[in-house]
Amino acid sequence: MKAVVFAYHNVGVRCLRALIGGGVEVALVVTHSDNPKENIWFASVEQVARDYGIPVITPDDPNTPEVLAQVQAAQPDFLFSFYYRHMLKAPLLECPARGAFNMHGSLLPKYRGRVPINWAIIHGETETGATLHVMNVKPDNGPLVDQMAVPILPDDNADEVFAKVTVAAEMVLARSLPALLAGQAEFRQQDLSQGGYFGGRKPEDGRMDPQSGAAQLHNFVRALTHPFPGAFADIDGGRLVIWKTLRAGGHDQQLQTARLHSENGALWLDAVDGGRLKVLSATLDGAALDPATTLTLALA
C-alpha cells in the first residue's frame with residue numbers, strides 16, 4: 001500500500017514512523033517550513049522524511065495545482081494528515097483510491113478545530129485523547145475510525161498532556177492500520193451535537209481574567225505555560241507572566257480582583273472566589289520573581 005502524508009509536529013513524526021513501521025510505502029511527505037519567529041520545541045517531520053529517503057515538499061499552500069499534480073502522480077492508496085496545519089480541499093482529498101484520514105488531538109466530537117489540548121485544559125477536562133477519522137472538506141467532522149483516551153491530571157500542563165496524546169496517536173494508528181490496509185475498518189458517524197469547534201490561539205489570548213476563580217486561573221496557567229507563551233497580566237510594574245501554580249486551599253479576604261503577594265517565603269495568588277494558588281514560577285518583565293521579596297500586585 002502506498003500513502004501520501006501531510007504532517008507536522010511530534011504527532012506527525014510518530015505517526016509517520018508508525019506508517020513506515022507498518023509496511024506502508026510513503027511516496028511523498030508534505031510538511032511546513034519552520035517559522036523562525038516560532039518557538040520550535042517539537043521534532044521535525046522533514047528530517048524524518050529525509051532520513052528515510054522519502055521525497056518531501058514544504059509548500060506555503062498545499063491546495064495548488066502544482067501540489068495536487070505531485071500527489072496525483074504518486075497514485076496513493078491513502079492520504080493521511082497528522083497535525084498538518086492547513087485544511088486540505090476536495091481535489092486533494094479525492095486523490096487517494098482508498099480514503100483520506102486525519103489524526104486529531106481530542107476525543108472527537110469534542111474540541112474540533114485548533115489547539116484542542118490547550119482548550120481541553122483551559123476548560124478543566126479530566127481526559128482527552130487522539131482520534132483517527134475520515135477527512136472531508138469540513139474540519140474534524142468525518143466518521144471515526146478509532147480513538148484512545150488519556151487522563152489529564154489536576155496539575156498536568158499542556159506539554160505533559162501533549163506527550164500523552166502523541167503516544168495515544170501512535171497507538172491508535174498502529175492498531176487501526178491493519179484493518180485499513182485490509183479494507184475491513186469500520187467507521188462510526190460522529191454526533192456533532194456532543195462537541196464544539198474551537199479556533200486557534202494567539203499569544204495575546206493568554207491575558208488572565210482577574211475576575212476568574214482559582215480553579216480557572218490554575219487551568220489557564222497550566223494550559224499556556226512553557227513551551228507556550230504563558231498566562232500574563234499587564235500591571236504597574238510591567239508584564240507579569242505566571243508559569244506554574246498549585247492549588248492551595250482558600251483565603252478569607254474580600255477581593256475585587258485577583259492578587260499576587262508574597263508571604264512566608266512563598267508567592268500566592270488569591271482569587272476573587274476565595275480560592276488560593278501557590279505560585280511556583282513567575283516573571284515580571286522577564287525577570288524571575290523572588291518569593292522572599294515583599295510584594296503585593298493586583299492583576300487588574
# chains A, B, ... in the order shown; residues from 1 in each chain; ligands from 1

call {"tool": "residues_around", "arguments": {"residues": "Val145 in chain A", "least_positions_apart": "3", "cutoff": "6 Å", "atoms": "only C-alpha atoms", "output": "PDB file with N, CA, C and O atoms, in the first residue's frame"}}
result
ATOM      1  N   LEU A 132      -8.523   9.022  15.175  1.00  0.00           N
ATOM      2  CA  LEU A 132      -8.319   8.869  13.735  1.00  0.00           C
ATOM      3  C   LEU A 132      -9.688   8.884  13.077  1.00  0.00           C
ATOM      4  O   LEU A 132     -10.594   8.145  13.485  1.00  0.00           O
ATOM      5  N   HIS A 133      -9.848   9.749  12.066  1.00  0.00           N
ATOM      6  CA  HIS A 133     -11.162   9.878  11.436  1.00  0.00           C
ATOM      7  C   HIS A 133     -11.018  10.142   9.935  1.00  0.00           C
ATOM      8  O   HIS A 133      -9.949  10.541   9.454  1.00  0.00           O
ATOM      9  N   PHE A 187     -16.327   2.243  10.312  1.00  0.00           N
ATOM     10  CA  PHE A 187     -16.412   3.665  10.613  1.00  0.00           C
ATOM     11  C   PHE A 187     -17.685   3.964  11.401  1.00  0.00           C
ATOM     12  O   PHE A 187     -18.714   3.337  11.189  1.00  0.00           O
TER      13      PHE A 187
END

call {"tool": "residues_around", "arguments": {"residues": "range 215-227 of chain A", "least_positions_apart": "3", "cutoff": "6 Å", "atoms": "only C-alpha atoms", "output": "NGL selection string"}}
result
:A and (118 or 121-122 or 157-158 or 212 or 230-231 or 243)

call {"tool": "closest_residue", "arguments": {"among": "A:Glu125, A:Val115, A:Ala169, A:Pro203", "to": "Val13 in chain A", "atoms": "only C-alpha atoms"}}
result
A:Ala169

call {"tool": "residues_around", "arguments": {"residues": "Leu269 in chain A", "least_positions_apart": "2", "cutoff": "9 Å", "atoms": "only C-alpha atoms", "output": "mmCIF file with N, CA, C and O atoms, in the first residue's frame"}}
result
data_model
loop_
_atom_site.group_PDB
_atom_site.id
_atom_site.type_symbol
_atom_site.label_atom_id
_atom_site.label_comp_id
_atom_site.auth_asym_id
_atom_site.auth_seq_id
_atom_site.Cartn_x
_atom_site.Cartn_y
_atom_site.Cartn_z
ATOM 1 N N ALA A 214 -10.111 30.595 41.333
ATOM 2 C CA ALA A 214 -8.790 29.971 41.452
ATOM 3 C C ALA A 214 -8.632 28.779 40.519
ATOM 4 O O ALA A 214 -7.578 28.606 39.889
ATOM 5 N N THR A 245 1.528 26.977 38.903
ATOM 6 C CA THR A 245 0.791 27.138 40.146
ATOM 7 C C THR A 245 0.364 25.775 40.686
ATOM 8 O O THR A 245 0.315 24.779 39.954
ATOM 9 N N ALA A 258 -8.089 39.529 41.454
ATOM 10 C CA ALA A 258 -7.049 38.591 41.884
ATOM 11 C C ALA A 258 -5.804 39.360 42.310
ATOM 12 O O ALA A 258 -5.476 40.417 41.753
ATOM 13 N N ARG A 259 -5.085 38.805 43.285
ATOM 14 C CA ARG A 259 -3.933 39.500 43.852
ATOM 15 C C ARG A 259 -2.789 38.530 44.079
ATOM 16 O O ARG A 259 -2.960 37.450 44.654
ATOM 17 N N LEU A 260 -1.602 38.908 43.581
ATOM 18 C CA LEU A 260 -0.386 38.144 43.815
ATOM 19 C C LEU A 260 0.376 38.796 44.962
ATOM 20 O O LEU A 260 0.573 40.016 44.971
ATOM 21 N N HIS A 261 0.821 37.994 45.935
ATOM 22 C CA HIS A 261 1.567 38.578 47.057
ATOM 23 C C HIS A 261 2.532 37.539 47.610
ATOM 24 O O HIS A 261 2.412 36.332 47.368
ATOM 25 N N SER A 262 3.518 38.027 48.347
ATOM 26 C CA SER A 262 4.489 37.154 48.986
ATOM 27 C C SER A 262 4.139 37.015 50.463
ATOM 28 O O SER A 262 3.686 37.962 51.106
ATOM 29 N N LEU A 267 5.166 32.697 47.075
ATOM 30 C CA LEU A 267 4.253 33.553 46.318
ATOM 31 C C LEU A 267 2.876 32.910 46.291
ATOM 32 O O LEU A 267 2.750 31.694 46.099
ATOM 33 N N ALA A 271 -7.625 34.481 44.562
ATOM 34 C CA ALA A 271 -8.658 34.741 43.562
ATOM 35 C C ALA A 271 -9.905 35.332 44.208
ATOM 36 O O ALA A 271 -10.099 35.246 45.431
ATOM 37 N N GLY A 275 -10.552 31.240 46.513
ATOM 38 C CA GLY A 275 -9.544 30.222 46.295
ATOM 39 C C GLY A 275 -8.145 30.809 46.259
ATOM 40 O O GLY A 275 -7.954 31.997 45.985
ATOM 41 N N ARG A 276 -7.169 29.971 46.561
ATOM 42 C CA ARG A 276 -5.777 30.418 46.591
ATOM 43 C C ARG A 276 -4.905 29.453 45.806
ATOM 44 O O ARG A 276 -5.092 28.232 45.874
ATOM 45 N N LEU A 277 -3.922 30.003 45.082
ATOM 46 C CA LEU A 277 -2.927 29.219 44.364
ATOM 47 C C LEU A 277 -1.543 29.548 44.895
ATOM 48 O O LEU A 277 -1.238 30.720 45.155
ATOM 49 N N LYS A 278 -0.718 28.530 45.045
ATOM 50 C CA LYS A 278 0.691 28.753 45.317
ATOM 51 C C LYS A 278 1.404 28.924 43.987
ATOM 52 O O LYS A 278 1.290 28.062 43.101
ATOM 53 N N VAL A 279 2.115 30.018 43.819
ATOM 54 C CA VAL A 279 2.793 30.314 42.560
ATOM 55 C C VAL A 279 4.231 29.818 42.652
ATOM 56 O O VAL A 279 5.028 30.323 43.446
#

call {"tool": "closest_residue", "arguments": {"among": "A:Gln211, A:Gln70, A:Ser81, A:Gln194", "to": "Thr31 in chain A", "atoms": "only C-alpha atoms"}}
result
A:Ser81

call {"tool": "residues_around", "arguments": {"residues": "Ala27 in chain A", "least_positions_apart": "6", "cutoff": "9 Å", "atoms": "only C-alpha atoms", "output": "PyMOL selection string"}}
result
chain A and resi 2-5+54-55+71+74-76

call {"tool": "write_last_selection", "arguments": {"atoms": "C-alpha atoms", "output": "PDB file, in the first residue's frame"}}
result
ATOM      1  CA  LYS A   2       1.138   3.496  -0.847  1.00  0.00           C
ATOM      2  CA  ALA A   3       0.380   6.730   1.027  1.00  0.00           C
ATOM      3  CA  VAL A   4       0.940  10.457   0.788  1.00  0.00           C
ATOM      4  CA  VAL A   5       1.399  12.048   4.213  1.00  0.00           C
ATOM      5  CA  ILE A  54      11.182   9.960   1.207  1.00  0.00           C
ATOM      6  CA  PRO A  55      10.523  12.892  -1.158  1.00  0.00           C
ATOM      7  CA  VAL A  71       0.048  13.982  -5.073  1.00  0.00           C
ATOM      8  CA  ALA A  74       2.190   9.384  -6.504  1.00  0.00           C
ATOM      9  CA  GLN A  75      -1.028   7.396  -7.097  1.00  0.00           C
ATOM     10  CA  PRO A  76      -1.641   6.891  -3.379  1.00  0.00           C
TER      11      PRO A  76
END

call {"tool": "closest_residue", "arguments": {"among": "A:Ala266, A:Leu297, A:Gly99, A:Val272", "to": "Asp234 in chain A", "atoms": "only C-alpha atoms"}}
result
A:Leu297

call {"tool": "select_by_dssp", "arguments": {"residues": "range 23-113 of chain A", "states": "strand (DSSP E or B)", "output": "list of chain:residue names"}}
result
A:Glu25, A:Val26, A:Ala27, A:Leu28, A:Val29, A:Val30, A:Val56, A:Ile57, A:Phe78, A:Leu79, A:Phe80, A:Ser81, A:Phe82, A:Ala100, A:Phe101, A:Asn102, A:Met103, A:His104, A:Arg112, A:Gly113

call {"tool": "residues_around", "arguments": {"residues": "range 109-114 of chain A", "least_positions_apart": "3", "cutoff": "7 Å", "atoms": "only C-alpha atoms", "output": "list of chain:residue names"}}
result
A:Ser106, A:Pro139, A:Asp140, A:Gln190, A:Asp191, A:Leu192, A:Gln194, A:Gly195, A:Gly196, A:Tyr197, A:Phe198, A:Gly199, A:Gly200

call {"tool": "select_by_dssp", "arguments": {"residues": "range 166-210 of chain A", "states": "alpha helix (DSSP H)", "output": "ChimeraX atom specification"}}
result
/A:166-182

call {"tool": "closest_residue", "arguments": {"among": "A:Glu127, A:Asp285, A:Asp290, A:Asp34", "to": "His9 in chain A", "atoms": "only C-alpha atoms"}}
result
A:Asp34

call {"tool": "residues_around", "arguments": {"residues": "range 83-98 of chain A", "least_positions_apart": "4", "cutoff": "10 Å", "atoms": "only C-alpha atoms", "output": "ChimeraX atom specification"}}
result
/A:1-13,15,30-32,60-65,67-69,71-79,102-105,114-115,134-139,180-181,183

call {"tool": "residues_around", "arguments": {"residues": "Ala149 in chain A", "least_positions_apart": "3", "cutoff": "12 Å", "atoms": "only C-alpha atoms", "output": "list in words"}}
result
Gly105, Ser106, Leu107, Leu108, Lys110, Glu125, Thr126, Glu127, Thr128, Gly129, Ala130, Thr131, Asp146, Ile152, Val161, Lys164, Val165, Thr166, Val167, Ala168, Ala169, Met171 and Val172 of chain A
